[in-house]
file target_29.cif (mmCIF, C-alpha atoms)
data_structure
loop_
_atom_site.group_PDB
_atom_site.id
_atom_site.type_symbol
_atom_site.label_atom_id
_atom_site.label_comp_id
_atom_site.auth_asym_id
_atom_site.auth_seq_id
_atom_site.Cartn_x
_atom_site.Cartn_y
_atom_site.Cartn_z
ATOM 1 C CA MET A 139 0.000 0.000 0.000
ATOM 2 C CA ILE A 140 1.243 3.460 -0.787
ATOM 3 C CA HIS A 141 1.118 6.109 1.889
ATOM 4 C CA SER A 142 1.751 9.800 1.631
ATOM 5 C CA THR A 143 2.858 12.007 4.487
ATOM 6 C CA THR A 144 2.073 15.625 3.571
ATOM 7 C CA PRO A 145 -1.304 17.352 4.133
ATOM 8 C CA ALA A 146 -1.965 17.667 0.378
ATOM 9 C CA ARG A 147 -0.913 14.171 -0.524
ATOM 10 C CA LEU A 148 0.533 12.818 -3.721
ATOM 11 C CA VAL A 149 -0.897 9.329 -3.626
ATOM 12 C CA THR A 150 0.808 6.749 -5.765
ATOM 13 C CA ALA A 151 -1.764 4.154 -6.601
ATOM 14 C CA GLY A 152 -1.205 1.191 -8.883
ATOM 15 C CA ILE A 153 -0.719 2.923 -12.222
ATOM 16 C CA GLY A 154 -1.350 6.569 -11.441
ATOM 17 C CA THR A 155 -0.600 9.447 -9.090
ATOM 18 C CA VAL A 156 -3.239 11.886 -7.933
ATOM 19 C CA ALA A 157 -3.198 14.775 -5.442
ATOM 20 C CA ILE A 158 -5.870 14.457 -2.785
ATOM 21 C CA ALA A 159 -6.053 16.837 0.149
ATOM 22 C CA GLY A 160 -6.584 15.057 3.424
ATOM 23 C CA LEU A 161 -7.150 11.464 2.274
ATOM 24 C CA ALA A 162 -4.705 8.926 0.838
ATOM 25 C CA LEU A 163 -6.205 5.758 -0.559
ATOM 26 C CA VAL A 164 -5.036 2.439 -1.905
ATOM 27 C CA GLY A 165 -5.797 1.605 -5.531
ATOM 28 C CA CYS A 166 -5.535 3.251 -8.912
ATOM 29 C CA SER A 167 -7.594 5.494 -11.104
ATOM 30 C CA SER A 168 -10.242 3.527 -12.938
ATOM 31 C CA THR A 169 -13.304 4.108 -15.067
ATOM 32 C CA PRO A 170 -16.573 4.317 -13.122
ATOM 33 C CA SER A 171 -18.820 1.336 -13.751
ATOM 34 C CA THR A 172 -22.190 -0.013 -12.788
ATOM 35 C CA PRO A 173 -22.348 -2.033 -9.543
ATOM 36 C CA THR A 174 -20.747 -5.443 -9.974
ATOM 37 C CA ALA A 175 -20.796 -7.350 -6.665
ATOM 38 C CA THR A 176 -23.069 -7.634 -3.674
ATOM 39 C CA GLY A 177 -23.072 -8.766 -0.082
ATOM 40 C CA THR A 178 -25.707 -10.506 2.002
ATOM 41 C CA THR A 179 -29.086 -9.713 3.489
ATOM 42 C CA ALA A 180 -29.004 -11.964 6.584
ATOM 43 C CA ALA A 181 -30.619 -10.903 9.854
ATOM 44 C CA PRO A 182 -28.694 -7.917 11.255
ATOM 45 C CA SER A 183 -26.602 -8.084 14.406
ATOM 46 C CA VAL A 184 -25.268 -4.519 14.113
ATOM 47 C CA SER A 185 -27.433 -1.420 13.760
ATOM 48 C CA LEU A 186 -26.754 1.208 11.115
ATOM 49 C CA PRO A 187 -27.205 4.934 11.789
ATOM 50 C CA SER A 188 -30.591 6.273 10.713
ATOM 51 C CA GLU A 189 -28.999 8.147 7.800
ATOM 52 C CA TRP A 190 -28.016 4.816 6.221
ATOM 53 C CA ALA A 191 -30.602 2.375 7.592
ATOM 54 C CA ASN A 192 -32.916 2.663 4.580
ATOM 55 C CA GLU A 193 -30.320 3.581 1.965
ATOM 56 C CA ASP A 194 -28.536 1.406 -0.578
ATOM 57 C CA LEU A 195 -24.999 0.688 0.635
ATOM 58 C CA VAL A 196 -22.370 1.177 -2.061
ATOM 59 C CA ALA A 197 -18.599 0.990 -1.611
ATOM 60 C CA PRO A 198 -16.086 2.124 -4.242
ATOM 61 C CA ALA A 199 -13.803 -0.519 -5.727
ATOM 62 C CA VAL A 200 -10.623 1.344 -6.643
ATOM 63 C CA VAL A 201 -9.018 -1.532 -8.512
ATOM 64 C CA GLY A 202 -5.445 -1.983 -9.686
ATOM 65 C CA TYR A 203 -3.531 -2.522 -6.460
ATOM 66 C CA PRO A 204 -3.593 -6.156 -5.361
ATOM 67 C CA PRO A 205 -4.282 -7.507 -2.863
ATOM 68 C CA TYR A 206 -6.450 -4.582 -1.738
ATOM 69 C CA ALA A 207 -8.635 -4.283 -4.837
ATOM 70 C CA TYR A 208 -8.092 -5.629 -8.329
ATOM 71 C CA LEU A 209 -9.815 -7.254 -11.292
ATOM 72 C CA ASP A 210 -9.582 -11.003 -11.886
ATOM 73 C CA GLY A 211 -11.071 -11.114 -15.344
ATOM 74 C CA SER A 212 -14.339 -9.293 -14.808
ATOM 75 C CA ASP A 213 -14.507 -10.132 -11.085
ATOM 76 C CA ILE A 214 -13.588 -7.587 -8.426
ATOM 77 C CA LYS A 215 -11.399 -9.119 -5.723
ATOM 78 C CA GLY A 216 -9.269 -7.905 -2.839
ATOM 79 C CA ILE A 217 -9.065 -7.400 0.906
ATOM 80 C CA SER A 218 -10.829 -4.038 0.852
ATOM 81 C CA THR A 219 -13.658 -5.103 -1.428
ATOM 82 C CA ASP A 220 -14.166 -8.500 0.249
ATOM 83 C CA LEU A 221 -14.403 -6.744 3.615
ATOM 84 C CA ALA A 222 -16.854 -4.170 2.283
ATOM 85 C CA VAL A 223 -19.126 -6.929 0.991
ATOM 86 C CA ALA A 224 -18.726 -9.013 4.184
ATOM 87 C CA LEU A 225 -19.922 -6.100 6.339
ATOM 88 C CA GLY A 226 -23.329 -6.611 4.796
ATOM 89 C CA GLY A 227 -23.658 -9.718 6.982
ATOM 90 C CA PRO A 228 -23.634 -8.042 10.422
ATOM 91 C CA TRP A 229 -25.683 -5.162 9.010
ATOM 92 C CA GLY A 230 -28.283 -7.400 7.374
ATOM 93 C CA LYS A 231 -27.911 -5.340 4.203
ATOM 94 C CA THR A 232 -26.692 -5.872 0.674
ATOM 95 C CA VAL A 233 -23.409 -4.083 -0.013
ATOM 96 C CA THR A 234 -22.746 -3.242 -3.644
ATOM 97 C CA LEU A 235 -19.320 -2.551 -5.141
ATOM 98 C CA LYS A 236 -18.880 0.029 -7.848
ATOM 99 C CA GLN A 237 -15.612 0.369 -9.716
ATOM 100 C CA ASP A 238 -14.541 3.988 -9.506
ATOM 101 C CA SER A 239 -11.609 6.380 -9.436
ATOM 102 C CA PHE A 240 -9.777 7.916 -6.480
ATOM 103 C CA GLU A 241 -11.308 11.292 -7.092
ATOM 104 C CA ASN A 242 -14.861 10.024 -7.265
ATOM 105 C CA ALA A 243 -14.379 7.723 -4.270
ATOM 106 C CA VAL A 244 -13.434 10.659 -2.057
ATOM 107 C CA LEU A 245 -16.182 12.877 -3.430
ATOM 108 C CA GLY A 246 -18.616 10.001 -2.982
ATOM 109 C CA VAL A 247 -17.905 9.811 0.741
ATOM 110 C CA ASP A 248 -18.390 13.557 1.069
ATOM 111 C CA ASN A 249 -21.683 13.601 -0.829
ATOM 112 C CA GLY A 250 -23.087 10.347 0.546
ATOM 113 C CA THR A 251 -22.814 8.206 -2.588
ATOM 114 C CA TYR A 252 -20.452 5.827 -0.766
ATOM 115 C CA PHE A 253 -20.651 4.881 2.898
ATOM 116 C CA GLY A 254 -16.858 4.719 3.171
ATOM 117 C CA VAL A 255 -13.559 4.494 1.357
ATOM 118 C CA PHE A 256 -11.500 1.415 2.152
ATOM 119 C CA GLY A 257 -7.695 1.460 2.275
ATOM 120 C CA ALA A 258 -6.852 4.834 3.826
ATOM 121 C CA ASP A 259 -3.783 5.108 6.007
ATOM 122 C CA ILE A 260 -4.797 6.431 9.417
ATOM 123 C CA THR A 261 -3.190 9.699 10.540
ATOM 124 C CA ALA A 262 -3.984 12.299 13.173
ATOM 125 C CA ASP A 263 -4.471 14.973 10.507
ATOM 126 C CA ARG A 264 -6.932 12.817 8.613
ATOM 127 C CA GLU A 265 -8.901 12.009 11.758
ATOM 128 C CA ALA A 266 -9.564 15.736 12.111
ATOM 129 C CA THR A 267 -11.551 15.579 8.850
ATOM 130 C CA TYR A 268 -12.874 12.019 8.637
ATOM 131 C CA ASP A 269 -13.797 9.304 11.099
ATOM 132 C CA GLN A 270 -11.560 6.299 10.542
ATOM 133 C CA VAL A 271 -11.717 2.627 11.467
ATOM 134 C CA PRO A 272 -8.683 0.333 11.040
ATOM 135 C CA PHE A 273 -8.789 -3.119 9.483
ATOM 136 C CA LEU A 274 -5.071 -3.850 9.003
ATOM 137 C CA ASP A 275 -1.853 -3.140 10.903
ATOM 138 C CA ASP A 276 0.749 -2.820 8.174
ATOM 139 C CA HIS A 277 4.364 -1.825 7.735
ATOM 140 C CA TYR A 278 7.031 -1.554 5.068
ATOM 141 C CA GLU A 279 9.653 -4.172 4.261
ATOM 142 C CA PHE A 280 11.768 -5.218 1.299
ATOM 143 C CA MET A 281 11.522 -7.962 -1.310
ATOM 144 C CA SER A 282 14.463 -9.409 -3.222
ATOM 145 C CA LEU A 283 15.131 -12.486 -5.309
ATOM 146 C CA ALA A 284 15.141 -15.702 -3.297
ATOM 147 C CA SER A 285 18.414 -16.595 -4.982
ATOM 148 C CA GLY A 286 20.021 -13.340 -3.823
ATOM 149 C CA THR A 287 21.804 -12.366 -0.640
ATOM 150 C CA ALA A 288 19.697 -11.647 2.445
ATOM 151 C CA LEU A 289 19.259 -7.913 3.037
ATOM 152 C CA GLY A 290 20.130 -7.783 6.728
ATOM 153 C CA THR A 291 17.955 -6.384 9.487
ATOM 154 C CA THR A 292 18.976 -2.732 9.927
ATOM 155 C CA MET A 293 18.634 0.313 7.708
ATOM 156 C CA ASP A 294 22.434 0.534 7.598
ATOM 157 C CA ASP A 295 22.414 -2.784 5.743
ATOM 158 C CA LEU A 296 20.829 -0.970 2.787
ATOM 159 C CA CYS A 297 23.910 1.160 2.122
ATOM 160 C CA GLY A 298 25.191 0.633 -1.413
ATOM 161 C CA LEU A 299 22.083 -1.201 -2.626
ATOM 162 C CA LYS A 300 19.755 -0.331 -5.499
ATOM 163 C CA ILE A 301 16.173 -0.124 -4.213
ATOM 164 C CA SER A 302 13.146 0.154 -6.499
ATOM 165 C CA VAL A 303 10.048 1.983 -5.282
ATOM 166 C CA VAL A 304 6.866 3.480 -6.709
ATOM 167 C CA ALA A 305 7.239 7.166 -7.581
ATOM 168 C CA ALA A 306 5.948 9.556 -4.877
ATOM 169 C CA ASP A 307 5.834 6.770 -2.286
ATOM 170 C CA SER A 308 6.444 7.981 1.244
ATOM 171 C CA ALA A 309 9.260 5.403 1.483
ATOM 172 C CA ILE A 310 11.391 7.623 -0.740
ATOM 173 C CA PRO A 311 12.260 10.310 1.858
ATOM 174 C CA VAL A 312 13.013 7.536 4.359
ATOM 175 C CA LEU A 313 15.459 5.965 1.911
ATOM 176 C CA GLN A 314 16.927 9.375 1.063
ATOM 177 C CA ASP A 315 17.558 10.120 4.746
ATOM 178 C CA GLN A 316 19.145 6.720 5.203
ATOM 179 C CA SER A 317 21.336 7.258 2.148
ATOM 180 C CA THR A 318 22.612 10.477 3.715
ATOM 181 C CA THR A 319 23.385 8.530 6.883
ATOM 182 C CA CYS A 320 25.257 5.975 4.807
ATOM 183 C CA THR A 321 27.489 8.511 3.066
ATOM 184 C CA ALA A 322 28.107 10.423 6.304
ATOM 185 C CA ALA A 323 29.466 7.178 7.730
ATOM 186 C CA GLY A 324 31.744 6.696 4.731
ATOM 187 C CA LYS A 325 29.546 4.030 3.137
ATOM 188 C CA SER A 326 28.056 3.936 -0.344
ATOM 189 C CA ALA A 327 24.792 5.733 -0.999
ATOM 190 C CA ILE A 328 21.498 3.951 -1.613
ATOM 191 C CA GLN A 329 20.480 4.169 -5.257
ATOM 192 C CA ILE A 330 16.734 4.831 -5.324
ATOM 193 C CA LEU A 331 15.038 3.755 -8.557
ATOM 194 C CA THR A 332 11.462 5.032 -9.022
ATOM 195 C CA PHE A 333 8.776 3.453 -11.184
ATOM 196 C CA ALA A 334 5.189 4.210 -12.158
ATOM 197 C CA ASP A 335 3.696 1.240 -10.319
ATOM 198 C CA GLN A 336 4.596 -1.714 -8.116
ATOM 199 C CA GLY A 337 4.560 -4.111 -11.048
ATOM 200 C CA ALA A 338 7.349 -2.163 -12.728
ATOM 201 C CA ALA A 339 9.242 -1.848 -9.432
ATOM 202 C CA THR A 340 9.047 -5.624 -8.996
ATOM 203 C CA LEU A 341 10.169 -6.214 -12.578
ATOM 204 C CA ALA A 342 13.291 -4.193 -11.772
ATOM 205 C CA VAL A 343 14.116 -6.821 -9.155
ATOM 206 C CA THR A 344 13.459 -9.814 -11.408
ATOM 207 C CA SER A 345 15.613 -8.232 -14.134
ATOM 208 C CA LYS A 346 18.322 -7.523 -11.549
ATOM 209 C CA GLN A 347 18.167 -3.801 -12.255
ATOM 210 C CA ALA A 348 17.454 -3.390 -8.532
ATOM 211 C CA ASP A 349 18.641 -5.410 -5.531
ATOM 212 C CA ALA A 350 15.256 -5.132 -3.834
ATOM 213 C CA THR A 351 11.955 -3.302 -3.899
ATOM 214 C CA THR A 352 10.134 -1.798 -0.934
ATOM 215 C CA ALA A 353 6.400 -1.538 -0.221
ATOM 216 C CA THR A 354 3.968 -2.524 2.500
ATOM 217 C CA VAL A 355 4.353 -6.122 3.595
ATOM 218 C CA THR A 356 0.722 -6.720 2.621
ATOM 219 C CA ASN A 357 1.493 -5.853 -0.983
ATOM 220 C CA LEU A 358 4.810 -7.705 -1.017
ATOM 221 C CA ALA A 359 3.368 -10.836 0.578
ATOM 222 C CA TYR A 360 0.697 -11.027 -2.098
ATOM 223 C CA ILE A 361 3.191 -10.540 -4.926
ATOM 224 C CA SER A 362 5.427 -13.207 -3.425
ATOM 225 C CA SER A 363 2.514 -15.623 -3.032
ATOM 226 C CA GLN A 364 1.747 -15.320 -6.728
ATOM 227 C CA ALA A 365 5.345 -16.190 -7.693
ATOM 228 C CA THR A 366 6.089 -19.127 -5.412
ATOM 229 C CA GLY A 367 9.756 -19.432 -4.569
ATOM 230 C CA GLN A 368 10.910 -16.479 -6.670
ATOM 231 C CA PHE A 369 11.190 -13.847 -3.943
ATOM 232 C CA GLN A 370 12.154 -13.443 -0.313
ATOM 233 C CA ILE A 371 10.725 -10.792 1.997
ATOM 234 C CA GLY A 372 12.978 -9.355 4.646
ATOM 235 C CA GLY A 373 15.308 -6.528 5.512
ATOM 236 C CA PRO A 374 14.525 -3.862 8.105
ATOM 237 C CA LYS A 375 10.911 -3.180 9.024
ATOM 238 C CA TYR A 376 9.870 0.472 9.044
ATOM 239 C CA GLN A 377 6.932 2.868 8.704
ATOM 240 C CA TYR A 378 4.294 1.045 10.697
ATOM 241 C CA VAL A 379 0.818 2.240 9.756
ATOM 242 C CA LEU A 380 -2.807 1.364 10.422
ATOM 243 C CA ILE A 381 -4.871 0.887 7.264
ATOM 244 C CA GLY A 382 -8.552 1.628 7.526
ATOM 245 C CA ILE A 383 -11.850 2.950 6.270
ATOM 246 C CA SER A 384 -12.620 6.657 6.075
ATOM 247 C CA VAL A 385 -16.193 7.873 6.481
ATOM 248 C CA LYS A 386 -17.977 11.179 6.780
ATOM 249 C CA LYS A 387 -17.299 12.566 10.231
ATOM 250 C CA GLY A 388 -19.912 12.497 12.976
ATOM 251 C CA THR A 389 -22.510 10.380 11.134
ATOM 252 C CA GLY A 390 -22.279 7.281 13.331
ATOM 253 C CA MET A 391 -21.200 5.167 10.349
ATOM 254 C CA ALA A 392 -17.722 4.671 11.766
ATOM 255 C CA GLU A 393 -19.199 3.060 14.876
ATOM 256 C CA ALA A 394 -21.352 0.758 12.727
ATOM 257 C CA ILE A 395 -18.288 -0.226 10.682
ATOM 258 C CA ALA A 396 -16.227 -0.900 13.799
ATOM 259 C CA ASP A 397 -19.010 -3.020 15.284
ATOM 260 C CA GLY A 398 -19.381 -4.844 11.976
ATOM 261 C CA ILE A 399 -15.685 -5.641 11.726
ATOM 262 C CA ASN A 400 -15.654 -6.823 15.328
ATOM 263 C CA ALA A 401 -18.579 -9.123 14.544
ATOM 264 C CA LEU A 402 -16.597 -10.537 11.623
ATOM 265 C CA ILE A 403 -13.566 -10.980 13.888
ATOM 266 C CA ALA A 404 -15.749 -12.879 16.364
ATOM 267 C CA ASP A 405 -17.208 -15.243 13.757
ATOM 268 C CA GLY A 406 -13.951 -15.775 11.852
ATOM 269 C CA GLY A 407 -15.040 -14.073 8.641
ATOM 270 C CA TYR A 408 -12.427 -11.345 8.978
ATOM 271 C CA GLN A 409 -9.604 -13.829 9.467
ATOM 272 C CA GLN A 410 -10.764 -15.832 6.441
ATOM 273 C CA ILE A 411 -10.566 -12.744 4.209
ATOM 274 C CA LEU A 412 -6.984 -12.087 5.309
ATOM 275 C CA LYS A 413 -6.077 -15.766 4.876
ATOM 276 C CA THR A 414 -7.369 -15.672 1.303
ATOM 277 C CA TYR A 415 -4.714 -13.084 0.468
ATOM 278 C CA GLY A 416 -1.935 -14.393 2.722
ATOM 279 C CA VAL A 417 -1.858 -11.410 5.075
ATOM 280 C CA GLU A 418 -2.941 -12.964 8.379
ATOM 281 C CA ALA A 419 0.090 -11.361 10.049
ATOM 282 C CA ASP A 420 -1.481 -7.935 9.486
ATOM 283 C CA ALA A 421 -4.638 -8.739 11.432
ATOM 284 C CA ILE A 422 -5.989 -6.440 14.115
ATOM 285 C CA THR A 423 -7.654 -7.837 17.232
ATOM 286 C CA GLU A 424 -10.274 -5.121 17.577
ATOM 287 C CA ALA A 425 -11.642 -2.346 15.373
ATOM 288 C CA THR A 426 -12.037 1.036 17.060
ATOM 289 C CA VAL A 427 -13.036 4.501 15.881
ATOM 290 C CA ASN A 428 -10.224 7.032 15.360
ATOM 291 C CA PRO A 429 -7.428 5.047 17.040
ATOM 292 C CA ASP A 430 -4.117 6.652 17.959
ATOM 293 C CA PRO A 431 -2.020 6.288 14.778
ATOM 294 C CA SER A 432 1.109 5.797 16.887
ATOM 295 C CA THR A 433 -0.236 2.424 18.054
ATOM 296 C CA ALA A 434 0.540 0.888 14.651
ATOM 297 C CA GLY A 435 2.905 -2.026 15.009
ATOM 298 C CA GLN A 436 2.383 -2.357 18.760
#

call {"tool": "encode", "arguments": {"input": "target_29.cif", "output": "structure tokens"}}
result
Amino acid sequence: MIHSTTPARLVTAGIGTVAIAGLALVGCSSTPSTPTATGTTAAPSVSLPSEWANEDLVAPAVVGYPPYAYLDGSDIKGISTDLAVALGGPWGKTVTLKQDSFENAVLGVDNGTYFGVFGADITADREATYDQVPFLDDHYEFMSLASGTALGTTMDDLCGLKISVVAADSAIPVLQDQSTTCTAAGKSAIQILTFADQGAATLAVTSKQADATTATVTNLAYISSQATGQFQIGGPKYQYVLIGISVKKGTGMAEAIADGINALIADGGYQQILKTYGVEADAITEATVNPDPSTAGQ
């Protein structure tokens, strides 16, 4: 997942970069479509706020960034979209997915078209504008060829390496700072190679143009699972972040989402979604509204 760190964020997402003030999402720009997937209408165990109780529930599917949201043929799949649909169970409502762009997803939350945007990194600044509920506890690592040398466990072990990364990713200033530390200590600089999307950054590793690529472990674990035995994930862990759902502030929808996720945690549905995409290690134990972002990784 790509995370940005400035108030007006450049969000690198799959195949495109877009500036969004106040909200960074996971995915890529895509053409809006008619609804393509639905959830369930079982008896509810979690109440929705009155504003949404009698409304159709639609979540945006910002595809192009597996394993969060992507197209498998004509089917929408991913952690974010599977979770959105699964929430229909505790709510006793049908949840519909609609393929859409970043821009429209954010506008849709503001104007009530969408009940939430899935895949936003949780920050204190963002919580001042939106209510947020986490569903993953993520962090950044590195991925290299399985046949290559292990990367070590500290940032100093990166000195002299070529690291591929998606352009505008918030990992870049971290790597730049570390490169300065390397040269100040008399070691070789880190060569940072930027690419338009994670696919291209990964290709740089397979072609041996780069020694390793860096991204969230959720993204890297999925890529590795699709190329059995080709890659190894390791190196220093950094930039711990909670990934969540952003909703319009003060509507009560965040509480309904948190209760819904907790119901899915209790019945095992949440864990099954994560297992499907090989990211069980990123699981949270409880969903809360507007958690302290500094608790990521704890």

call {"tool": "atom_distance", "arguments": {"input": "target_29.cif", "atom1": "atom CA of Lys387 of chain A", "atom2": "atom CA of Arg264 of chain A"}}
result
10.5 Å

call {"tool": "resolve_selection", "arguments": {"input": "target_29.cif", "expression": "the PyMOL selection byres ((chain A and resi 196) around 8)", "output": "VMD selection string"}}
result
chain A and resid 194 to 195 197 to 198 233 to 236 251 to 253

call {"tool": "atom_distance", "arguments": {"input": "target_29.cif", "atom1": "atom CA of Thr426 of chain A", "atom2": "atom CA of Val271 of chain A"}}
result
5.8 Å

call {"tool": "closest_residue", "arguments": {"input": "target_29.cif", "among": "A:Leu283, A:Val343, A:Met391, A:Ala243", "to": "Val255 of chain A", "atoms": "all atoms listed in the file"}}
result
A:Ala243

call {"tool": "residues_around", "arguments": {"input": "target_29.cif", "residues": "segment 265-269 of chain A", "least_positions_apart": "6", "cutoff": "7 Å", "atoms": "only C-alpha atoms", "output": "ChimeraX atom specification"}}
result
/A:384-387,392,427-428

call {"tool": "residues_around", "arguments": {"input": "target_29.cif", "residues": "Leu225 of chain A", "least_positions_apart": "3", "cutoff": "7 Å", "atoms": "only C-alpha atoms", "output": "ChimeraX atom specification"}}
result
/A:221-222,228-229,398-399

call {"tool": "resolve_selection", "arguments": {"input": "target_29.cif", "expression": "the PyMOL selection byres ((chain A and resi 368-383) around 7)", "output": "JSON, numbers by chain"}}
result
{"A": [254, 255, 256, 257, 258, 259, 260, 270, 271, 272, 273, 274, 275, 276, 277, 278, 279, 280, 281, 282, 283, 284, 289, 290, 291, 292, 293, 362, 365, 366, 367, 384, 385, 431, 434, 435]}

call {"tool": "write_last_selection", "arguments": {"input": "target_29.cif", "atoms": "C-alpha atoms", "output": "short mmCIF file (atom, residue, chain, number, x, y, z; two decimals), keeping the file's coordinate frame"}}
result
data_model
loop_
_atom_site.label_atom_id
_atom_site.label_comp_id
_atom_site.auth_asym_id
_atom_site.auth_seq_id
_atom_site.Cartn_x
_atom_site.Cartn_y
_atom_site.Cartn_z
CA GLY A 254 -16.86 4.72 3.17
CA VAL A 255 -13.56 4.49 1.36
CA PHE A 256 -11.50 1.42 2.15
CA GLY A 257 -7.70 1.46 2.28
CA ALA A 258 -6.85 4.83 3.83
CA ASP A 259 -3.78 5.11 6.01
CA ILE A 260 -4.80 6.43 9.42
CA GLN A 270 -11.56 6.30 10.54
CA VAL A 271 -11.72 2.63 11.47
CA PRO A 272 -8.68 0.33 11.04
CA PHE A 273 -8.79 -3.12 9.48
CA LEU A 274 -5.07 -3.85 9.00
CA ASP A 275 -1.85 -3.14 10.90
CA ASP A 276 0.75 -2.82 8.17
CA HIS A 277 4.36 -1.82 7.74
CA TYR A 278 7.03 -1.55 5.07
CA GLU A 279 9.65 -4.17 4.26
CA PHE A 280 11.77 -5.22 1.30
CA MET A 281 11.52 -7.96 -1.31
CA SER A 282 14.46 -9.41 -3.22
CA LEU A 283 15.13 -12.49 -5.31
CA ALA A 284 15.14 -15.70 -3.30
CA LEU A 289 19.26 -7.91 3.04
CA GLY A 290 20.13 -7.78 6.73
CA THR A 291 17.95 -6.38 9.49
CA THR A 292 18.98 -2.73 9.93
CA MET A 293 18.63 0.31 7.71
CA SER A 362 5.43 -13.21 -3.42
CA ALA A 365 5.34 -16.19 -7.69
CA THR A 366 6.09 -19.13 -5.41
CA GLY A 367 9.76 -19.43 -4.57
CA SER A 384 -12.62 6.66 6.08
CA VAL A 385 -16.19 7.87 6.48
CA PRO A 431 -2.02 6.29 14.78
CA ALA A 434 0.54 0.89 14.65
CA GLY A 435 2.90 -2.03 15.01
#

call {"tool": "atom_distance", "arguments": {"input": "target_29.cif", "atom1": "atom CA of Gly226 of chain A", "atom2": "atom CA of Asn242 of chain A"}}
result
22.2 Å

call {"tool": "resolve_selection", "arguments": {"input": "target_29.cif", "expression": "the PyMOL selection byres ((chain A and resi 208) around 10)", "output": "JSON, numbers by chain"}}
result
{"A": [152, 165, 166, 199, 200, 201, 202, 203, 204, 205, 206, 207, 209, 210, 211, 212, 213, 214, 215, 216, 217, 218, 219, 237]}

call {"tool": "closest_residue", "arguments": {"input": "target_29.cif", "among": "A:Leu402, A:Val417, A:Ile330, A:Ala305", "to": "Leu358 of chain A", "atoms": "only C-alpha atoms"}}
result
A:Val417

call {"tool": "decode", "arguments": {"input": "target_29.cif", "residues": "segment 266-292 of chain A", "atoms": "C-alpha atoms", "output": "short mmCIF file (atom, residue, chain, number, x, y, z; two decimals), in the first residue's frame"}}
result
data_model
loop_
_atom_site.label_atom_id
_atom_site.label_comp_id
_atom_site.auth_asym_id
_atom_site.auth_seq_id
_atom_site.Cartn_x
_atom_site.Cartn_y
_atom_site.Cartn_z
CA ALA A 266 -9.56 15.74 12.11
CA THR A 267 -11.55 15.58 8.85
CA TYR A 268 -12.87 12.02 8.64
CA ASP A 269 -13.80 9.30 11.10
CA GLN A 270 -11.56 6.30 10.54
CA VAL A 271 -11.72 2.63 11.47
CA PRO A 272 -8.68 0.33 11.04
CA PHE A 273 -8.79 -3.12 9.48
CA LEU A 274 -5.07 -3.85 9.00
CA ASP A 275 -1.85 -3.14 10.90
CA ASP A 276 0.75 -2.82 8.17
CA HIS A 277 4.36 -1.82 7.74
CA TYR A 278 7.03 -1.55 5.07
CA GLU A 279 9.65 -4.17 4.26
CA PHE A 280 11.77 -5.22 1.30
CA MET A 281 11.52 -7.96 -1.31
CA SER A 282 14.46 -9.41 -3.22
CA LEU A 283 15.13 -12.49 -5.31
CA ALA A 284 15.14 -15.70 -3.30
CA SER A 285 18.41 -16.59 -4.98
CA GLY A 286 20.02 -13.34 -3.82
CA THR A 287 21.80 -12.37 -0.64
CA ALA A 288 19.70 -11.65 2.45
CA LEU A 289 19.26 -7.91 3.04
CA GLY A 290 20.13 -7.78 6.73
CA THR A 291 17.95 -6.38 9.49
CA THR A 292 18.98 -2.73 9.93
#
